[in-house]
Amino acid sequence: MHEHIMKILLVEDDKLLNHHLTTLLGEAQNQVHGTDSAQVALHYAEDYPIDVAIIDLGLPDMDGLQLIRQLRERQIAFPIIVLTARGNWQDKVEGLEAGADDYLVKPFQKDELLARLNALVRRSAGFISPRVQAGEYVLDLSRKELTIADEVVVLTSFEYLILEYLMRNARQVVSKQQLLDQLYGDGEGDPNTIEVMVSRLRKKLDPQGTIQPISTIRRQGYIFNLSCS
Ligand code: CA
């Protein structure tokens, strides 16, 4: 799954957590500017093109809320996610009121953190676009475009429509008639054309035949085997 490479400001004074997060975020090739100090964080925020900040609320030299207010007062606009160990609703509300965009309560799952960060960065960069994704296959629904491992694969408009329908109904049997309805609206058209297009799609999706994302279910139709999100 391709994600935008992020420049992340990490402000956390818990040494172990700071270390874990730096390692975790760095694994995805993100650039992490980590510190345990709010003062240092303010410098980083002005000196580096940060995409997103992770800020612990309990810091030794300044309250995390105070840090967020100061960042916002300086017109620094990158999205901020707050870490709170306390988990009470006042922390969350205060964090958001101070100018944070989101919060996570410790302990949290790393996948949860990564998902939130990516959502924040995509939203703030303004390039959130509806997509359906299954492993390396990503359909961009507004651009009507398929990428496989970040490479654009050229599809005819009918191939695209078939694939979109199969992926939207992943792991369910889709009949040829349903696909014909997608292509022709009124259900006309020759079921044989579906076979031809599905066979072309298979070659484009899986030239080596190793993944076989689309299976034929005899006398019933087709199924997209990978789960989509
Ligand atoms: Ca702390």
# chains A, B, ... in the order shown; residues from 1 in each chain; ligands from 1
$ residues_near_ligand --ligand "ligand 1" --cutoff "6 Å" --atoms "only C-alpha atoms and all ligand atoms" --output "ChimeraX atom specification"
/A:12-14,56,58-59
$ select_by_dssp --residues "range 17-170 of chain A" --states "strand (DSSP E)" --output "MDAnalysis selection string"
chainID A and resid 31:35 52:56 80:84 102:105 131:134 137:140 145:148 151:153
$ write_last_selection --atoms "N, CA and C atoms" --output "compact mmCIF listing (two decimals), in the first residue's frame"
# COMPACT_ATOMS: atom_id res chain seq x y z
N GLN A 31 10.37 10.77 7.50
CA GLN A 31 11.42 11.48 8.21
C GLN A 31 10.87 11.90 9.56
N VAL A 32 11.54 11.48 10.62
CA VAL A 32 11.04 11.80 11.95
C VAL A 32 11.99 12.78 12.63
N HIS A 33 11.45 13.91 13.05
CA HIS A 33 12.20 14.84 13.89
C HIS A 33 11.67 14.66 15.31
N GLY A 34 12.44 13.93 16.11
CA GLY A 34 11.96 13.59 17.44
C GLY A 34 12.62 14.43 18.52
N THR A 35 11.85 14.75 19.54
CA THR A 35 12.40 15.48 20.67
C THR A 35 11.53 15.22 21.89
N VAL A 52 3.15 16.68 9.62
CA VAL A 52 2.22 16.33 10.70
C VAL A 52 3.02 16.22 11.99
N ALA A 53 2.38 16.59 13.12
CA ALA A 53 3.06 16.51 14.41
C ALA A 53 2.31 15.57 15.34
N ILE A 54 3.10 14.84 16.13
CA ILE A 54 2.55 13.99 17.19
C ILE A 54 3.04 14.60 18.49
N ILE A 55 2.12 15.03 19.34
CA ILE A 55 2.53 15.76 20.53
C ILE A 55 1.93 15.13 21.78
N ASP A 56 2.80 14.76 22.69
CA ASP A 56 2.38 14.27 23.99
C ASP A 56 1.93 15.46 24.84
N ILE A 80 -1.97 18.28 13.73
CA ILE A 80 -1.38 17.81 14.98
C ILE A 80 -2.26 16.72 15.57
N ILE A 81 -1.60 15.64 15.95
CA ILE A 81 -2.31 14.59 16.69
C ILE A 81 -1.74 14.56 18.11
N VAL A 82 -2.64 14.54 19.08
CA VAL A 82 -2.25 14.62 20.47
C VAL A 82 -2.21 13.21 21.06
N LEU A 83 -1.17 12.94 21.85
CA LEU A 83 -1.12 11.70 22.62
C LEU A 83 -1.46 12.02 24.06
N THR A 84 -2.41 11.30 24.58
CA THR A 84 -2.71 11.49 25.98
C THR A 84 -2.74 10.17 26.71
N ASP A 102 -6.57 15.85 16.04
CA ASP A 102 -7.00 14.51 16.40
C ASP A 102 -6.25 14.11 17.66
N TYR A 103 -6.66 13.01 18.27
CA TYR A 103 -5.96 12.57 19.47
C TYR A 103 -5.94 11.05 19.52
N LEU A 104 -4.98 10.52 20.24
CA LEU A 104 -4.93 9.08 20.50
C LEU A 104 -4.66 8.89 21.98
N VAL A 105 -5.34 7.94 22.57
CA VAL A 105 -5.15 7.64 23.98
C VAL A 105 -4.16 6.48 24.09
N ARG A 131 -11.18 5.97 -2.95
CA ARG A 131 -10.44 4.89 -3.58
C ARG A 131 -10.87 3.56 -3.00
N VAL A 132 -10.68 2.54 -3.79
CA VAL A 132 -10.87 1.18 -3.32
C VAL A 132 -9.54 0.49 -3.49
N GLN A 133 -9.16 -0.24 -2.48
CA GLN A 133 -7.82 -0.77 -2.45
C GLN A 133 -7.80 -2.22 -2.02
N ALA A 134 -7.00 -3.01 -2.70
CA ALA A 134 -6.79 -4.40 -2.29
C ALA A 134 -5.32 -4.69 -2.49
N TYR A 137 -3.26 -3.25 -5.46
CA TYR A 137 -4.22 -2.71 -6.42
C TYR A 137 -4.97 -1.53 -5.80
N VAL A 138 -4.87 -0.40 -6.45
CA VAL A 138 -5.60 0.77 -5.96
C VAL A 138 -6.40 1.37 -7.10
N LEU A 139 -7.70 1.47 -6.88
CA LEU A 139 -8.56 2.14 -7.85
C LEU A 139 -8.87 3.53 -7.33
N ASP A 140 -8.53 4.52 -8.11
CA ASP A 140 -8.90 5.89 -7.76
C ASP A 140 -10.24 6.16 -8.45
N GLU A 145 -8.88 5.41 -12.33
CA GLU A 145 -7.54 4.96 -12.66
C GLU A 145 -7.12 3.82 -11.75
N LEU A 146 -6.46 2.85 -12.37
CA LEU A 146 -5.91 1.73 -11.60
C LEU A 146 -4.40 1.90 -11.48
N THR A 147 -3.90 1.74 -10.26
CA THR A 147 -2.46 1.61 -10.10
C THR A 147 -2.17 0.26 -9.44
N ILE A 148 -1.08 -0.34 -9.86
CA ILE A 148 -0.60 -1.55 -9.22
C ILE A 148 0.81 -1.24 -8.72
N GLU A 151 2.18 1.95 -10.04
CA GLU A 151 2.29 2.13 -11.48
C GLU A 151 0.89 2.19 -12.08
N VAL A 152 0.67 3.19 -12.91
CA VAL A 152 -0.62 3.28 -13.56
C VAL A 152 -0.75 2.19 -14.62
N VAL A 153 -1.89 1.52 -14.60
CA VAL A 153 -2.17 0.49 -15.60
C VAL A 153 -3.33 1.00 -16.46
$ residues_around --residues "Arg202 in chain A" --least-positions-apart "2" --cutoff "12 Å" --atoms "only C-alpha atoms" --output "JSON, numbers by chain"
{"A": [155, 159, 160, 162, 163, 195, 196, 197, 198, 199, 200, 204, 205, 206, 207, 208, 209, 210, 211, 212, 213, 214, 215, 216, 222, 223, 224]}
$ closest_residue --among "A:Ser124, A:Glu73, A:Cys228, A:Lys106" --to "Glu164 in chain A" --atoms "only C-alpha atoms"
A:Cys228
$ closest_residue --among "A:Leu71, A:Ala149, A:Leu21, A:Leu180" --to "Ile8 in chain A" --atoms "only C-alpha atoms"
A:Leu21
$ closest_residue --among "A:Asp51, A:Asp150, A:Asp36, A:Glu136" --to "Lys7 in chain A" --atoms "only C-alpha atoms"
A:Asp51
$ decode --residues "range 2-26 of chain A" --atoms "N, CA and C atoms" --output "mmCIF file, in the first residue's frame"
data_model
loop_
_atom_site.group_PDB
_atom_site.id
_atom_site.type_symbol
_atom_site.label_atom_id
_atom_site.label_comp_id
_atom_site.auth_asym_id
_atom_site.auth_seq_id
_atom_site.Cartn_x
_atom_site.Cartn_y
_atom_site.Cartn_z
ATOM 1 N N HIS A 2 0.677 2.068 -0.968
ATOM 2 C CA HIS A 2 1.489 3.263 -1.049
ATOM 3 C C HIS A 2 0.947 4.324 -0.110
ATOM 4 N N GLU A 3 1.848 4.908 0.663
ATOM 5 C CA GLU A 3 1.459 6.041 1.480
ATOM 6 C C GLU A 3 2.422 7.166 1.189
ATOM 7 N N HIS A 4 1.904 8.346 1.336
ATOM 8 C CA HIS A 4 2.711 9.531 1.221
ATOM 9 C C HIS A 4 3.846 9.458 2.257
ATOM 10 N N ILE A 5 5.064 9.779 1.843
ATOM 11 C CA ILE A 5 6.163 9.835 2.809
ATOM 12 C C ILE A 5 6.019 11.112 3.623
ATOM 13 N N MET A 6 6.028 10.963 4.931
ATOM 14 C CA MET A 6 5.695 12.106 5.790
ATOM 15 C C MET A 6 6.916 12.614 6.541
ATOM 16 N N LYS A 7 6.931 13.911 6.721
ATOM 17 C CA LYS A 7 7.903 14.521 7.625
ATOM 18 C C LYS A 7 7.172 14.778 8.931
ATOM 19 N N ILE A 8 7.618 14.062 9.943
ATOM 20 C CA ILE A 8 6.848 14.012 11.177
ATOM 21 C C ILE A 8 7.626 14.648 12.319
ATOM 22 N N LEU A 9 6.957 15.541 13.027
ATOM 23 C CA LEU A 9 7.518 16.076 14.258
ATOM 24 C C LEU A 9 6.952 15.260 15.413
ATOM 25 N N LEU A 10 7.837 14.648 16.181
ATOM 26 C CA LEU A 10 7.413 13.785 17.292
ATOM 27 C C LEU A 10 7.887 14.412 18.600
ATOM 28 N N VAL A 11 6.950 14.765 19.461
ATOM 29 C CA VAL A 11 7.292 15.390 20.737
ATOM 30 C C VAL A 11 6.770 14.500 21.851
ATOM 31 N N GLU A 12 7.669 13.744 22.427
ATOM 32 C CA GLU A 12 7.288 12.736 23.434
ATOM 33 C C GLU A 12 8.465 12.560 24.375
ATOM 34 N N ASP A 13 8.224 12.730 25.665
ATOM 35 C CA ASP A 13 9.335 12.648 26.614
ATOM 36 C C ASP A 13 9.503 11.249 27.196
ATOM 37 N N ASP A 14 8.550 10.380 26.958
ATOM 38 C CA ASP A 14 8.721 8.986 27.370
ATOM 39 C C ASP A 14 9.749 8.367 26.421
ATOM 40 N N LYS A 15 10.955 8.099 26.955
ATOM 41 C CA LYS A 15 12.080 7.714 26.085
ATOM 42 C C LYS A 15 11.790 6.450 25.293
ATOM 43 N N LEU A 16 11.168 5.487 25.971
ATOM 44 C CA LEU A 16 10.908 4.218 25.296
ATOM 45 C C LEU A 16 9.886 4.408 24.173
ATOM 46 N N LEU A 17 8.827 5.129 24.478
ATOM 47 C CA LEU A 17 7.786 5.353 23.466
ATOM 48 C C LEU A 17 8.334 6.188 22.313
ATOM 49 N N ASN A 18 9.122 7.180 22.661
ATOM 50 C CA ASN A 18 9.743 8.016 21.622
ATOM 51 C C ASN A 18 10.586 7.149 20.693
ATOM 52 N N HIS A 19 11.356 6.275 21.300
ATOM 53 C CA HIS A 19 12.213 5.386 20.524
ATOM 54 C C HIS A 19 11.381 4.458 19.641
ATOM 55 N N HIS A 20 10.352 3.847 20.212
ATOM 56 C CA HIS A 20 9.496 2.932 19.446
ATOM 57 C C HIS A 20 8.842 3.656 18.269
ATOM 58 N N LEU A 21 8.331 4.841 18.557
ATOM 59 C CA LEU A 21 7.616 5.579 17.509
ATOM 60 C C LEU A 21 8.575 6.015 16.401
ATOM 61 N N THR A 22 9.773 6.450 16.813
ATOM 62 C CA THR A 22 10.754 6.855 15.805
ATOM 63 C C THR A 22 11.100 5.688 14.897
ATOM 64 N N THR A 23 11.278 4.525 15.511
ATOM 65 C CA THR A 23 11.592 3.331 14.720
ATOM 66 C C THR A 23 10.427 2.960 13.810
ATOM 67 N N LEU A 24 9.253 2.921 14.389
ATOM 68 C CA LEU A 24 8.059 2.526 13.640
ATOM 69 C C LEU A 24 7.801 3.457 12.458
ATOM 70 N N LEU A 25 7.854 4.749 12.739
ATOM 71 C CA LEU A 25 7.539 5.718 11.678
ATOM 72 C C LEU A 25 8.651 5.759 10.640
ATOM 73 N N GLY A 26 9.878 5.573 11.113
ATOM 74 C CA GLY A 26 11.000 5.568 10.194
ATOM 75 C C GLY A 26 11.001 4.375 9.252
#
